[in-house]
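Pasting query_28.tsv here (TSV, C-alpha atoms and all ligand atoms):
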```tsv
chain	number	residue	atom	x	y	z
X	30	MET	CA	29.56	-44.57	6.67
X	31	TRP	CA	26.74	-46.68	5.33
X	32	LEU	CA	24.18	-45.92	8.02
X	33	ILE	CA	22.56	-42.53	7.77
X	34	ALA	CA	20.08	-41.35	10.42
X	35	THR	CA	17.35	-39.23	8.90
X	36	ARG	CA	15.37	-36.54	10.70
X	37	SER	CA	12.48	-38.95	11.19
X	38	GLY	CA	14.79	-41.33	12.98
X	39	VAL	CA	14.49	-44.05	10.34
X	40	VAL	CA	17.92	-45.42	9.48
X	41	MET	CA	18.56	-45.84	5.78
X	42	SER	CA	21.14	-48.26	4.59
X	43	ARG	CA	22.95	-47.28	1.40
X	44	PHE	CA	26.04	-48.57	-0.29
X	45	LEU	CA	25.94	-51.73	1.79
X	46	PRO	CA	28.88	-54.10	1.45
X	47	PRO	CA	27.71	-57.42	-0.05
X	48	SER	CA	28.18	-59.24	3.26
X	49	LEU	CA	25.85	-56.82	5.01
X	50	ALA	CA	23.36	-56.65	2.15
X	51	LEU	CA	22.40	-60.16	3.21
X	52	PHE	CA	20.77	-58.57	6.24
X	53	TYR	CA	19.29	-55.62	4.32
X	54	PRO	CA	15.81	-55.64	5.95
X	55	LEU	CA	17.45	-55.56	9.37
X	56	CYS	CA	19.94	-52.85	8.42
X	57	ARG	CA	17.27	-50.73	6.74
X	58	GLN	CA	15.18	-50.52	9.87
X	59	PRO	CA	16.66	-52.11	12.99
X	60	LEU	CA	14.16	-53.67	15.36
X	61	PHE	CA	14.52	-51.04	18.06
X	62	LEU	CA	13.80	-48.29	15.52
X	63	SER	CA	10.89	-49.91	13.75
X	64	THR	CA	8.89	-51.09	16.77
X	65	MET	CA	8.02	-49.81	20.23
X	66	LEU	CA	10.77	-51.91	21.78
X	67	ILE	CA	11.72	-49.45	24.53
X	68	GLU	CA	8.11	-48.78	25.41
X	69	HIS	CA	7.33	-52.50	25.47
X	70	ILE	CA	10.15	-53.09	27.95
X	71	LEU	CA	8.90	-50.28	30.20
X	72	TYR	CA	5.24	-51.35	30.15
X	73	SER	CA	6.07	-55.02	30.66
X	74	THR	CA	8.25	-54.05	33.63
X	75	ALA	CA	5.37	-52.05	35.10
X	76	VAL	CA	3.19	-55.17	34.78
X	77	ALA	CA	5.83	-57.70	35.84
X	78	ILE	CA	6.62	-56.09	39.20
X	79	PRO	CA	3.09	-56.27	40.69
X	80	VAL	CA	2.40	-59.65	39.05
X	81	GLY	CA	5.59	-60.97	40.65
X	82	MET	CA	4.51	-59.58	43.99
X	83	ILE	CA	1.19	-61.43	43.79
X	84	SER	CA	2.83	-64.62	42.51
X	85	LEU	CA	5.27	-64.62	45.40
X	86	ARG	CA	2.42	-64.52	47.88
X	87	LEU	CA	0.35	-67.16	46.13
X	88	THR	CA	3.06	-69.64	45.15
X	89	GLY	CA	6.27	-68.57	46.87
X	90	ARG	CA	7.85	-68.06	43.45
X	91	ASP	CA	8.50	-64.94	41.42
X	92	PRO	CA	9.75	-65.62	37.89
X	93	SER	CA	8.12	-62.40	36.62
X	94	TRP	CA	11.35	-61.42	34.82
X	95	ILE	CA	10.01	-63.74	32.09
X	96	ILE	CA	7.29	-61.16	31.36
X	97	ILE	CA	9.94	-58.55	30.55
X	98	LEU	CA	12.04	-61.04	28.59
X	99	CYS	CA	9.06	-61.92	26.39
X	100	ALA	CA	8.03	-58.31	25.74
X	101	TRP	CA	10.02	-58.40	22.50
X	102	ALA	CA	8.66	-61.70	21.26
X	103	PRO	CA	5.79	-60.74	18.88
X	104	ASP	CA	8.07	-58.41	16.90
X	105	ILE	CA	10.51	-61.22	16.18
X	106	ASP	CA	8.66	-61.68	12.87
X	107	GLN	CA	10.80	-58.83	11.52
X	108	VAL	CA	13.92	-60.85	12.21
X	109	LEU	CA	12.60	-64.26	11.19
X	110	TYR	CA	11.98	-63.27	7.56
X	111	PRO	CA	15.48	-62.02	6.69
X	112	LEU	CA	17.13	-64.77	8.71
X	113	SER	CA	15.14	-67.58	7.12
X	114	TYR	CA	14.97	-66.25	3.56
X	115	ARG	CA	18.28	-64.48	3.11
X	116	LEU	CA	20.40	-67.00	4.99
X	117	LEU	CA	18.60	-70.29	4.43
X	118	GLY	CA	16.56	-69.51	1.30
X	119	VAL	CA	13.42	-70.60	3.15
X	120	SER	CA	10.22	-68.56	2.88
X	121	MET	CA	7.97	-68.81	5.91
X	122	ILE	CA	4.35	-68.99	4.80
X	123	VAL	CA	1.68	-67.81	7.24
X	124	ASN	CA	-1.98	-68.00	6.33
X	125	GLY	CA	-1.20	-68.20	2.61
X	126	HIS	CA	1.38	-65.41	2.34
X	127	THR	CA	5.03	-64.90	3.27
X	128	LEU	CA	5.67	-63.93	6.85
X	129	ARG	CA	5.32	-60.20	7.41
X	130	HIS	CA	5.33	-57.87	10.38
X	131	GLY	CA	2.25	-58.38	12.49
X	132	ASP	CA	1.72	-62.04	11.68
X	133	LEU	CA	2.79	-63.04	15.19
X	134	HIS	CA	0.51	-60.50	16.86
X	135	THR	CA	-2.26	-63.02	17.37
X	136	LEU	CA	-3.81	-65.18	20.06
X	137	GLY	CA	-2.72	-68.29	18.14
X	138	ALA	CA	0.91	-67.15	18.08
X	139	LEU	CA	0.70	-66.31	21.79
X	140	LEU	CA	-0.39	-69.85	22.64
X	141	VAL	CA	2.22	-71.52	20.41
X	142	PHE	CA	4.99	-69.25	21.72
X	143	SER	CA	4.17	-69.75	25.41
X	144	VAL	CA	3.94	-73.55	24.98
X	145	LEU	CA	7.31	-73.72	23.17
X	146	PHE	CA	9.15	-71.09	25.19
X	147	ALA	CA	8.12	-72.78	28.44
X	148	LEU	CA	10.10	-75.81	27.21
X	149	VAL	CA	13.18	-73.60	26.85
X	150	LEU	CA	12.64	-72.11	30.30
X	151	ARG	CA	12.31	-75.62	31.71
X	152	MET	CA	15.93	-76.30	30.82
X	153	TYR	CA	19.11	-75.37	32.64
X	154	PRO	CA	20.10	-72.72	33.67
X	155	PHE	CA	16.53	-71.41	34.00
X	156	SER	CA	14.87	-74.53	35.44
X	157	ILE	CA	11.46	-72.83	35.55
X	158	ARG	CA	8.40	-74.99	36.23
X	159	TYR	CA	6.54	-75.63	32.98
X	160	GLY	CA	3.28	-74.05	34.18
X	161	ASP	CA	5.10	-70.94	35.39
X	162	GLY	CA	6.97	-70.67	32.09
X	163	MET	CA	3.74	-70.86	30.08
X	164	LEU	CA	1.87	-68.41	32.30
X	165	PHE	CA	4.55	-65.73	32.54
X	166	SER	CA	5.69	-65.91	28.92
X	167	GLY	CA	2.02	-65.72	27.89
X	168	ILE	CA	1.52	-62.63	30.07
X	169	GLY	CA	4.62	-60.98	28.57
X	170	TYR	CA	3.38	-61.71	25.05
X	171	ALA	CA	-0.11	-60.43	25.90
X	172	VAL	CA	1.26	-57.19	27.38
X	173	HIS	CA	3.03	-56.55	24.08
X	174	LEU	CA	-0.18	-57.12	22.11
X	175	LEU	CA	-2.10	-54.85	24.47
X	176	GLY	CA	0.50	-52.10	24.06
X	177	ASP	CA	0.24	-52.27	20.27
X	178	ALA	CA	-3.56	-52.30	20.47
X	179	LEU	CA	-3.54	-49.13	22.58
X	180	VAL	CA	-1.32	-47.26	20.13
X	181	TYR	CA	-2.37	-48.46	16.68
X	182	ASN	CA	-5.77	-48.49	14.98
X	183	PRO	CA	-6.29	-50.71	13.15
X	184	ALA	CA	-3.43	-52.74	14.54
X	185	TYR	CA	-3.37	-56.49	14.01
X	186	PRO	CA	-5.80	-59.47	13.93
X	187	PHE	CA	-5.23	-60.13	17.63
X	188	PHE	CA	-7.91	-62.81	17.96
X	189	TRP	CA	-6.76	-64.94	14.98
X	190	PRO	CA	-7.68	-67.79	14.43
X	191	LEU	CA	-11.02	-66.93	16.11
X	192	SER	CA	-11.34	-63.73	14.06
X	193	GLU	CA	-9.34	-62.17	11.21
X	194	SER	CA	-10.51	-58.61	11.98
X	195	ARG	CA	-7.71	-56.13	12.51
X	196	LEU	CA	-8.39	-54.41	15.80
X	197	GLY	CA	-6.90	-51.48	17.69
X	198	LEU	CA	-7.80	-48.63	20.00
X	199	GLY	CA	-5.34	-45.98	18.82
X	200	VAL	CA	-5.64	-43.88	21.98
X	201	VAL	CA	-2.52	-41.92	21.02
X	202	PHE	CA	-1.20	-40.78	17.65
X	203	TYR	CA	2.19	-42.46	17.79
X	204	VAL	CA	5.11	-40.26	16.68
X	205	ARG	CA	8.78	-41.16	17.14
X	206	ASP	CA	9.67	-37.75	18.53
X	207	PHE	CA	12.16	-39.00	21.15
X	208	PHE	CA	15.41	-39.23	19.15
X	209	GLY	CA	13.54	-41.21	16.53
X	210	ILE	CA	13.26	-44.29	18.72
X	211	ALA	CA	10.12	-43.70	20.79
X	212	ASP	CA	7.06	-41.54	21.37
X	213	SER	CA	7.86	-39.23	24.29
X	214	ARG	CA	4.30	-39.32	25.71
X	215	VAL	CA	4.12	-43.12	25.64
X	216	LEU	CA	7.63	-43.19	27.11
X	217	VAL	CA	6.79	-40.83	30.00
X	218	VAL	CA	3.64	-42.75	30.93
X	219	GLY	CA	5.64	-46.00	30.87
X	220	LEU	CA	8.34	-44.51	33.10
X	221	LEU	CA	5.73	-43.23	35.57
X	222	LEU	CA	4.02	-46.64	35.70
X	223	CYS	CA	7.40	-48.33	36.29
X	224	ALA	CA	8.25	-45.88	39.08
X	225	LEU	CA	4.84	-46.46	40.67
X	226	ALA	CA	5.29	-50.25	40.51
X	227	VAL	CA	8.77	-50.00	42.07
X	228	LEU	CA	7.54	-47.71	44.86
X	229	VAL	CA	4.55	-49.89	45.71
X	230	ARG	CA	6.53	-53.13	45.74
X	231	THR	CA	9.38	-51.60	47.76
X	232	ALA	CA	6.85	-50.30	50.28
X	233	VAL	CA	5.21	-53.74	50.55
X	234	ASP	CA	8.16	-56.15	50.16
X	235	GLY	CA	11.15	-54.00	51.14
X	236	ARG	CA	14.21	-53.59	48.93
X	237	GLY	CA	14.98	-57.31	48.68
X	238	TRP	CA	12.40	-58.01	45.95
X	239	THR	CA	14.87	-57.07	43.20
X	240	ARG	CA	16.77	-60.33	43.86
X	241	HIS	CA	13.98	-62.18	42.02
X	242	TYR	CA	15.12	-60.46	38.83
X	243	MET	CA	18.66	-61.80	39.21
X	244	PHE	CA	17.58	-65.27	38.14
X	245	TRP	CA	21.12	-66.28	37.21
X	246	ARG	CA	22.17	-65.86	40.86
X	247	LYS	CA	19.22	-67.50	42.57
X	248	PRO	CA	18.00	-70.56	40.61
X	249	GLU	CA	16.48	-72.14	43.74
X	250	ASN	CA	13.90	-69.37	43.73
X	251	THR	CA	12.11	-70.87	40.79
U	301	ZN	ZN	4.44	-55.38	18.07
```

Would you write the structure of this file as structure tokens?
Ligand SMILES: [Zn+2]
Amino acid sequence: MWLIATRSGVVMSRFLPPSLALFYPLCRQPLFLSTMLIEHILYSTAVAIPVGMISLRLTGRDPSWIIILCAWAPDIDQVLYPLSYRLLGVSMIVNGHTLRHGDLHTLGALLVFSVLFALVLRMYPFSIRYGDGMLFSGIGYAVHLLGDALVYNPAYPFFWPLSESRLGLGVVFYVRDFFGIADSRVLVVGLLLCALAVLVRTAVDGRGWTRHYMFWRKPENT
């Protein structure tokens, strides 16, 4: 067995076969163990449900599932480096240094991502209007940045390129005490917010609102 879970929950990779050593940074600390992935999904869901409710009333459309889909996006920098360097031999240079975790946690990256990802969402099978794609992917990205800002201090230069200052609120001391994959307090608050969002929307819209999250079954909704 080459994956060993330590008490802290960090997975060490030892004695990797050569084929897997190619992906060493990923094996050493998989994305879901090294970031707040579960919490980001919960908090983005708690935001997406009411935003979708408002969007449906204003525009008749509810593509708020995009917010949840994009909750992972800023942490993709952890995957981009090993994929580009180990597989293609290409180093990605950002602001004068090789790409590292946190480099995509900026306002500039948010804008570039939402502009590009809206093009993807414009295509089949999503067929999302370009403006909707930009707006909802931007909200999903921003919710991720806000979550990191609440937990870490200092966190990342969120307002780059306007400012290079690393900012953060650090309202909780983040500890992966839930099976090494999440902070139990952050997790519980996220679950409560999700439950509240579900209850409120069900009370207002009835049970049928969940069909907006089955985008693969209802493309005409977009
Ligand atoms: Zn992050």

Neighbour list for Phe244 in chain X as a PDB file with C-alpha atoms, keeping the file's coordinate frame, cut-off 12 Å, all atoms listed in the file, skip fewer than 4 positions in-chain:
```pdb
ATOM      1  CA  ARG X  90       7.850 -68.060  43.450  1.00  0.00           C
ATOM      2  CA  ASP X  91       8.500 -64.940  41.420  1.00  0.00           C
ATOM      3  CA  PRO X  92       9.750 -65.620  37.890  1.00  0.00           C
ATOM      4  CA  SER X  93       8.120 -62.400  36.620  1.00  0.00           C
ATOM      5  CA  TRP X  94      11.350 -61.420  34.820  1.00  0.00           C
ATOM      6  CA  ILE X  95      10.010 -63.740  32.090  1.00  0.00           C
ATOM      7  CA  LEU X  98      12.040 -61.040  28.590  1.00  0.00           C
ATOM      8  CA  LEU X 150      12.640 -72.110  30.300  1.00  0.00           C
ATOM      9  CA  TYR X 153      19.110 -75.370  32.640  1.00  0.00           C
ATOM     10  CA  PRO X 154      20.100 -72.720  33.670  1.00  0.00           C
ATOM     11  CA  PHE X 155      16.530 -71.410  34.000  1.00  0.00           C
ATOM     12  CA  SER X 156      14.870 -74.530  35.440  1.00  0.00           C
ATOM     13  CA  ILE X 157      11.460 -72.830  35.550  1.00  0.00           C
ATOM     14  CA  TRP X 238      12.400 -58.010  45.950  1.00  0.00           C
ATOM     15  CA  THR X 239      14.870 -57.070  43.200  1.00  0.00           C
ATOM     16  CA  ARG X 240      16.770 -60.330  43.860  1.00  0.00           C
ATOM     17  CA  PRO X 248      18.000 -70.560  40.610  1.00  0.00           C
ATOM     18  CA  GLU X 249      16.480 -72.140  43.740  1.00  0.00           C
ATOM     19  CA  ASN X 250      13.900 -69.370  43.730  1.00  0.00           C
ATOM     20  CA  THR X 251      12.110 -70.870  40.790  1.00  0.00           C
TER      21      THR X 251
END
```

Exercise for review: Residues up to 8 Å from ligand ZN 301 (chain U), counting only C-alpha atoms and all ligand atoms: could you list those as a list in words?
Suggested key: Thr64, Met65, Trp101, Pro103, Asp104, Gly131, His134, His173, Leu174, Gly176 and Asp177 of chain X

Which residues are near Val144 in chain X? Cut-off 9 Å, all atoms listed in the file, ignore same chain within fewer than 3 positions. Put them as a PDB file with C-alpha atoms, in the frame of the given file.
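part26.pdb was written with the following content:
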```pdb
ATOM      1  CA  LEU X 139       0.700 -66.310  21.790  1.00  0.00           C
ATOM      2  CA  LEU X 140      -0.390 -69.850  22.640  1.00  0.00           C
ATOM      3  CA  VAL X 141       2.220 -71.520  20.410  1.00  0.00           C
ATOM      4  CA  ALA X 147       8.120 -72.780  28.440  1.00  0.00           C
ATOM      5  CA  LEU X 148      10.100 -75.810  27.210  1.00  0.00           C
ATOM      6  CA  TYR X 159       6.540 -75.630  32.980  1.00  0.00           C
ATOM      7  CA  GLY X 162       6.970 -70.670  32.090  1.00  0.00           C
ATOM      8  CA  MET X 163       3.740 -70.860  30.080  1.00  0.00           C
ATOM      9  CA  SER X 166       5.690 -65.910  28.920  1.00  0.00           C
ATOM     10  CA  GLY X 167       2.020 -65.720  27.890  1.00  0.00           C
TER      11      GLY X 167
END
```

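Of the residues listed (X:Val76, X:Met82, X:Leu71, X:Ile97), X:Met82 shows the shortest atom-to-atom separation from Val233 in chain X; distances use all atoms listed in the file.
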
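With distances taken over all atoms listed in the file, X:Val108 is the one residue among X:Val149, X:Val108, X:Gly160, X:Ala102 lying closest to Arg129 in chain X.
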
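One finds CA of Leu145 in chain X at 21.8 Å from CA of Val80 in chain X.
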
Practice item. Tell me, in Å to one decimal, how far CA of Ile78 in chain X is from CA of Ala211 in chain X. Key: 22.5 Å

Point to revise | Between CA of Arg195 in chain X and CA of Phe146 in chain X - distance in Å to one decimal | key: 25.9 Å

Kindly list the centre and edge lengths in Å, rounded to one decimal, for the axis-aligned box that covers all listed atoms of range 66-80 of chain X plus 8 Å on each of its six sides, as AutoDock Vina command-line options.
```
--center_x 7.1 --center_y -54.2 --center_z 31.2 --size_x 25.3 --size_y 26.9 --size_z 34.9
```

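Nearest to Thr88 in chain X of all the residues X:Leu191, X:Tyr110, X:Thr74, X:Asp161 is X:Asp161, based on only C-alpha atoms.
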
Check your understanding: If you count all atoms listed in the file, which residues fall within 9 Å of Val227 in chain X, apart from same-chain ones fewer than 5 positions away, as a PyMOL selection string?
Key -> chain X and resi 75+78-79+222+232

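Of the listed residues (X:Ala171, X:Leu133, X:Ile83, X:Leu198), X:Leu198 comes nearest to Ala184 in chain X; the distances count all atoms listed in the file.
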
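Using all atoms listed in the file for every distance, the candidate list X:His69, X:Arg214, X:Tyr170, X:Leu87 yields X:Tyr170 as the residue closest to Ser143 in chain X.
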